[in-house]
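Asks: Quick one: the structure is below, and I'll ask about it shortly.
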Amino acid sequence: MDLIQEISEYLQKGRAKNVKQLVQQALDENMDPKAILNDGLLSGMMIIGAKFKNNEVFVPEVLVAARAMNVGLSVLEPKLIEVGNEPVGKAVIGTVQGDLHDIGKNLVVMMLKGAGFEIYDLGVDVETSVFIDKAEEVGADIICMSALLTTTMPKMQDCIDMLKERGLRDKYIVMIGGAPVNESFCEQIGADYYTPDAASCAEVAKKVVLEKKAAN
Amino acid sequence: MKRTEFDIKISIEDVCRFLDIHKKSDSYEELLEELKEMLPMAYEKIEPMALLEFGSLDGYTVEEEGRPIKEALFGICTVGKRMAEWSTQLFAEGDYMRGMMADAIADNYLFQMDTAMEQTVIDMCRKQGKGIIRRIEAPQDIPMSIQKRAYDATGAEQEGIGIKPSFMYDPVKTVCQIYLLDDDTSRYHPEHDCSRCSNLTCRNRRIPSVQVKVRTGEEERRIRARKSESLLETFQKKDIFLTAVCAGRGTCGKCRVQFLEGATEPDEADRKVFTEKELEQGWRLACRAYPKQDCTVLLDNAETDFFVLADTKDGNERRISDGTSYGIAVDIGTTTIAMQLVDLSDGRTADVYTAINRQRAYGADVISRIEASNSGKKEELRSSIRQDLLKGIGKLTEDNRLKISKMVIGANTTMVHLLMGYSCETLGVYPFEPVNIDMIHIPYRELLEDERQDCPVTIYPGISTYVGGDIVSGLYTLEFAKREKPAVLIDLGTNGEMAVGCRDGILTASTAAGPAFEGGNITCGTGSIPGAICGAVYRNGKMETETINHAKPSGICGTGIIDVIYELKKAEIIDETGRMEEPYFKDGVLLSEEGNLRFYQKDVREIQLAKAAVRAGLETLAARYGISCEDVDRFYIAGGFGYKMNIHKAVDIGLLPAQCEGRTEAVGNSCLQGSVKYLLDPDAEKETEELRKMARELPLSNDKMFQELYMEYMYFE
C-alpha cells in the first residue's frame with residue numbers, strides 16, 4: 001500500500017503511534033509535506049467525518065482519529081512552515097454568551113482542523129464583540145457560533161447585527177449550529193450557513209472559503 | 001453555609017455515556033484506559049465547594065400555583081479553577097480527546113455534587129421552617145441576572161469565584177441553584193426538573209418519575225413510573241400484565257384502567273373507547289396514559305393469575321428424589337409459557353411452572369412480535385424470552401441446585417425465531433419463508449447464555465412458518481404417524497393451526513382465525529383469568545353468567561363467548577346472518593351490570609369471521625386429504641380454551657362439524673405433552689423427523705374451496 005494511503009488508514013483507526021512513525025518515514029523519503037498533509041492526514045479525517053455524519057462511527061472514534069491527526073501534524077508542522085503551506089482558511093469559533101455547552105462545538109473544531117483550517121477557539125460563554133474582535137485581529141474568513149439552548153440562540157442574531165453596525169457583515173462568512181438551531185432560523189437572522197453536524201460544517205466551510213478566495 | 005468536603009466517586013460509566021463511548025466501539029478499551037489514567041489527576045485538581053444562603057426574590061416575578069413567591073435559597077457549586085484550567089489547557093495543546101474527557105469528568109463531578117447537596121438543602125430549609133416548592137433554572141424560568149443575586153447572597157466573591165457581564169460564573173464549571181420557598185413544610189422538591197428544561201438533547205436529561213399507587217381489590221402496591229413511559233409500559237416492567245392486543249397502539253381498548261386520583265388528560269383514543277361519563281370517572285387506556293403527577297389507579301383486569309395449562313396428572317405436590325436425573329419440558333406459547341420438571345427414571349412429573357410470556361409487552365400476536373423484531377427490538381425480545389425461561393428453570397431447579405440433564409422445547413415458528421435470535425424479516429411477508437425450521441440441538445449455555453446449567457437442548461422442528469414445532473409436538477404426542485384411522489388436531493389460537501392425518505400421511509394448515517376465541521378483538525374479551533365469564537344462559541330476557549373462580553366479572557373468555565353466541569342465537573336476538581335485533585344492535589347485550597360488560601354487534605361479527613375460518617379450514621383440509629369429517633376417527637382440540645368448551649354449543653353455532661359430537665377430546669396443552677414425551681422416548685428424534693417428513697402444508701389462502709366455504713360458514717344456519 002502507498003505510504004500516504006497507509007497514513008490515512010491508520011489515522012482513521014486512531015493509531016497515533018503508527019501515524020507518527022509513518023509521517024516521519026514519509027518525510028525521510030522526501031515526500032511532499034503538502035501531500036502528506038492533504039492526502040494522508042486530512043483525507044483520513046474527512047473520511048471519519050463522513051462516517052460520523054452517517055452514524056457509522058461515533059464521538060469516540062472521531063476523538064481518537066483527531067488525536068492521531070494532531071500527533072501527525074506535530075511531526076509535519078516544521079516542514080510545512082519550511083515549504084510555506086497556507087491553511088485553507090482561518091476560523092473563529094465559540095459557544096455564544098450565556099451558553100456553556102461545548103461538545104458539539106469541540107467536534108466542529110476538530111473537523112475544521114481536519115479540513116485544513118487554522119482555528120481560533122474562543123471556548124464557551126463568548127461575548128458577541130469578542131467573536132468579531134478576534135476575527136478582525138487574526139484576519140479570519142469564518143465566524144462559527146454554537147448554541148444549545150433556545151434561550152441563548154438570540155445571541156447569534158446579536159452578532160450579525162453587530163457585524164452590520166460595524167460595516168463588517170460581508171467580510172465574514174457566518175456559520176451557525178447547535179441542537180435548537182435550524183435552516184429557517186439561519187435565514188431569519190441572516191446568517192450564511194447552518195449545518196446540522198460537525199462533518200457537514202467542515203465540508204461547507206472548506207467549499208465556501210475556497211470559492212470566495214477563487215472569486216477574489 | 002459553605003461545604004468543601006465531598007465524598008464523590010466519578011462514574012466512568014456515566015462519563016462514557018456522556019461522550020458516546022460504547023462497549024461496541026473499536027476504541028473502547030483505549031479510551032477507557034485513557035479515562036482511568038486521567039482520574040487520579042482529576043481528583044487531585046478538583047477543589048469542590050458549595051455555598052448556600054437564603055435570599056429574597058424582590059424585583060423578580062415568580063409565581064407558583066397563582067401565588068407570588070418571595071423567598072429563595074440560593075446555591076452555588078463549583079469544581080474549582082484548576083479543573084477548568086486543565087481542560088482549557090488540553091484543548092489549547094490540541095489534545096481534544098483528553099480535553100473533552102476532562103470536561104465530561106468535571107460535569108460528572110459537578111452533577112454529583114448537586115445531588116449530594118440535596119439533603120443539606122432540605123435540612124437547612126426545615127430548620128428555617130420553609131418548604132421547597134421546586135427548583136428553577138436561569139435563564140428559562142428567571143432572568144440570568146438572578147445569578148448575580150445568588151452570587152452576592154452566598155458571598156461567592158470572597159471565595160474566589162468571578163462573575164462575568166453575562167452573569168456566568170468563572171471558572172466555567174460552576175453552577176447556580178435557585179430553590180423556591182414558602183411556608184408549606186409538607187413538601188421538599190430540591191431536584192432539578194429535566195422535564196421543564198429546554199436543553200432537549202442533554203446527555204444527562206432524566207425525566208423524573210412519579211409514584212403510581214396500584215389498587216387491585218384490597219391490595220395496594222406503589223410503583224415508580226417514568227414520565228416518558230406509558231402506564232402500560234410501566235406495568236409491564238413491574239410484571240403487571242394488562243391485555244394489550246394491539247401492542248399499545250390505542251386501538252383495541254383492552255388495557256382500560258380507572259384513575260382514582262391524578263387522572264391524565266384523555267387523548268383521542270380514550271375518547272373513542274370511553275363515554276364522556278366514563279372519562280369523568282377516570283377511565284383511560286393504560287397505553288395512552290403518561291402520568292405527569294402522582295396518581296392512584298384501580299386495576300381489576302390484570303392478568304396476575306392467568307390459567308396456563310401445564311397438564312399435571314400427578315397432582316401438584318413437588319417431589320424430588322436424590323440420585324435420579326431430571327429433564328425439563330417446555331412449551332413457549334405466544335401468550336403463555338408452561339414447563340414441567342420430569343423425573344427421567346420413571347417419567348413422572350416432579351413439578352410444573354407456568355407464566356405469562358413477557359414478550360406480550362411487544363404485542364399480543366405473532367405478527368406484532370415479528371414487527372417489533374423487525375423494527376430493531378430483536379435483541380430485546382430474545383432477552384425477554386431468555387429471562388422468562390431462566391426464571392422458570394430457576395424455580396423448578398431450586399435456583400439451579402438441581403442439575404438437569406435434558407431440555408426439550410416446543411414452540412411456534414415465530415417464538416423459535418425470537419429465541420434463537422433469527423431475523424424475522426421474511427416471516428411476515430410473502431412467501432413467509434422461515435430462516436430455519438429444522439430440529440435444533442444446541443447446548444444450554446449457548447441458547448440461554450447462562451452458565452448455571454449444562455445440558456443439551458432440543459427444539460422441535462416445524463412444518464412451515466405458520467405450522468410450527470408446537471403442532472409437530474402435539475402430533476407426535478397424539479401419535480398421528482402411527483394411527484390407522486385419520487384424526488384431526490385443532491388449535492383454536494390466533495393462527496388456527498390444524499392437522500388431519502394417520503400413518504398414510506399428514507396434511508396441515510393454518511387458518512388465521514384471529515384472536516377472537518382468546519378474547520382478542522372482542523369488546524370486553526379477556527383471557528382465561530379469574531373473573532372471566534365462562535358460561536352464560538339467557539333467561540327471562542336477561543343473560544345469566546358464570547365466571548372463572550366465581551370472581552367479580554371482568555370480561556369474557558373463549559368458552560363464555562361460545563355460550564353467549566349460542567344463547568343469542570337460540571333466543572333469536574341474532575338472526576341467521578348474524579345481525580342483532582334492535583335495541584341490541586345499537587346498545588349491545590348486557591352481560592354484567594358490574595363493570596358494564598356488553599356484547600356488541602361488532603363482537604358477533606368478529607366471531608363469525610373466526611368461526612368461518614376454522615370451520616372452512618377444517619372442511620377444506622379434510623377434503624384435500626381425501627376424506628370427509630364423517631371419516632374422522634377422533635377430533636382433538638388443543639389449548640386452554642378447548643379444555644372447557646361445550647362441544648354441543650360449538651357445533652350448534654357452526655364452529656365445529658356435527659361429527660364432532662361424541663368424538664371430540666380436549667387434549668389441553670398437547671405441545672407440552674409432546675415435549676415431555678420427547679424427553680422420555682429414546683426414539684423421539686427419529687420419530688419426530690419421520691412424522692415431519694410425512695407432513696405437508698396446505699396453503700389455504702388461495703384455495704378456492706376454502707374461500708367458498710369461508711363465505712358459507714359465516715352464517716348461523
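Just remember, in the C-alpha cells the first chain shown is A, the second B, etc., residues are 1-based per chain, and ligands are 1-based in the order shown.
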Please return, as number ranges by chain, all residues of chain A lying within 6 Å of chain B when only C-alpha atoms are considered.
Replies: A: 59-60, 63, 149
Asks: Leaving out region 467-482 of chain B and any residue of its chain fewer than 2 positions from it, which residues lie within 7 Å of it when counting only C-alpha atoms, given as a PDB file with C-alpha atoms, in the first residue's frame?
Replies:
```pdb
ATOM      1  CA  GLY B 410     -41.885 -26.925  21.622  1.00  0.00           C
ATOM      2  CA  ALA B 411     -42.922 -23.561  20.208  1.00  0.00           C
ATOM      3  CA  ASN B 412     -44.370 -21.973  17.122  1.00  0.00           C
ATOM      4  CA  THR B 413     -42.023 -20.833  14.384  1.00  0.00           C
ATOM      5  CA  TYR B 460     -38.936 -29.181  17.941  1.00  0.00           C
ATOM      6  CA  PRO B 461     -38.797 -28.728  14.169  1.00  0.00           C
ATOM      7  CA  GLY B 462     -41.675 -27.048  12.345  1.00  0.00           C
ATOM      8  CA  ILE B 463     -43.534 -27.748   9.140  1.00  0.00           C
ATOM      9  CA  SER B 464     -43.846 -24.194   7.855  1.00  0.00           C
ATOM     10  CA  THR B 465     -43.811 -20.623   9.071  1.00  0.00           C
ATOM     11  CA  GLU B 484     -54.721 -46.453  11.403  1.00  0.00           C
ATOM     12  CA  GLU B 497     -53.393 -24.383  13.157  1.00  0.00           C
ATOM     13  CA  GLY B 501     -53.719 -37.458   9.296  1.00  0.00           C
ATOM     14  CA  CYS B 502     -52.851 -41.042  10.038  1.00  0.00           C
ATOM     15  CA  ARG B 503     -49.956 -43.371   9.145  1.00  0.00           C
ATOM     16  CA  ALA B 509     -52.913 -25.817   7.565  1.00  0.00           C
ATOM     17  CA  SER B 510     -53.265 -22.565   9.426  1.00  0.00           C
ATOM     18  CA  SER B 670     -50.528 -31.031  23.644  1.00  0.00           C
ATOM     19  CA  CYS B 671     -47.336 -29.157  22.868  1.00  0.00           C
ATOM     20  CA  GLN B 673     -47.121 -33.158  26.476  1.00  0.00           C
ATOM     21  CA  GLY B 674     -45.107 -33.678  23.309  1.00  0.00           C
ATOM     22  CA  SER B 675     -42.064 -32.093  24.906  1.00  0.00           C
ATOM     23  CA  LYS B 677     -42.762 -37.416  25.668  1.00  0.00           C
ATOM     24  CA  THR B 688     -40.366 -36.741  15.049  1.00  0.00           C
ATOM     25  CA  LEU B 691     -43.562 -37.517  11.246  1.00  0.00           C
TER      26      LEU B 691
END
```
Asks: Can you list every residue in region 341-510 of chain B that DSSP puts in strand (DSSP E or B), as a PyMOL selection string?
Replies: chain B and resi 341-343+349-356+404-411+440-443+456-459+487-491+497-502+505-510
Asks: Can you pull out every residue from region 458-556 of chain B that DSSP, working from the backbone, puts in alpha helix (DSSP H), and format the result as number ranges by chain?
Replies: B: 469-477
Asks: Write out the residues from the selection above, keeping N, CA and C atoms, as a compact mmCIF listing (two decimals), in the first residue's frame.
Replies:
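selection-v6.txt, freshly written:
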```txt
# COMPACT_ATOMS: atom_id res chain seq x y z
N GLY B 469 -43.35 -25.94 15.46
CA GLY B 469 -42.92 -27.04 16.30
C GLY B 469 -43.94 -27.41 17.36
N ASP B 470 -44.77 -26.43 17.77
CA ASP B 470 -45.78 -26.74 18.77
C ASP B 470 -46.79 -27.75 18.23
N ILE B 471 -47.11 -27.62 16.94
CA ILE B 471 -48.06 -28.55 16.32
C ILE B 471 -47.39 -29.91 16.10
N VAL B 472 -46.14 -29.88 15.65
CA VAL B 472 -45.40 -31.14 15.45
C VAL B 472 -45.35 -31.91 16.77
N SER B 473 -45.10 -31.15 17.85
CA SER B 473 -45.05 -31.77 19.16
C SER B 473 -46.39 -32.40 19.53
N GLY B 474 -47.47 -31.70 19.24
CA GLY B 474 -48.81 -32.21 19.50
C GLY B 474 -49.10 -33.46 18.67
N LEU B 475 -48.73 -33.44 17.41
CA LEU B 475 -48.98 -34.58 16.52
C LEU B 475 -48.17 -35.79 16.98
N TYR B 476 -46.98 -35.52 17.50
CA TYR B 476 -46.12 -36.60 17.97
C TYR B 476 -46.73 -37.25 19.21
N THR B 477 -47.19 -36.43 20.13
CA THR B 477 -47.73 -36.99 21.36
C THR B 477 -49.03 -37.74 21.11
```
Asks: Just the residues within 7 Å of region 647-659 of chain B, please, counting only C-alpha atoms, with nothing from its chain fewer than 4 positions along; format it as a VMD selection string.
Replies: chain B and resid 562 to 563 566 611 to 612 614 to 615 629 to 630 713 716
Asks: Can you tell me which residues surround region 121-132 of chain A at a distance of at most 7 Å, considering only C-alpha atoms, apart from same-chain residues fewer than 2 positions away, and format the answer as a list in words?
Replies: Val92, Ile93, Gly94, Thr95, Val96, Gln97, Gly98, Asp99, Leu100, His101, Asp102, Ile119, Lys134, Ala135, Glu136, Asp158 and Cys159 of chain A
Asks: Point out the residue among A:Ala50, A:Met31, A:Ala147, A:Cys186 with the least atom-to-atom distance to Ile103 (chain A), counting only C-alpha atoms.
Replies: A:Ala147
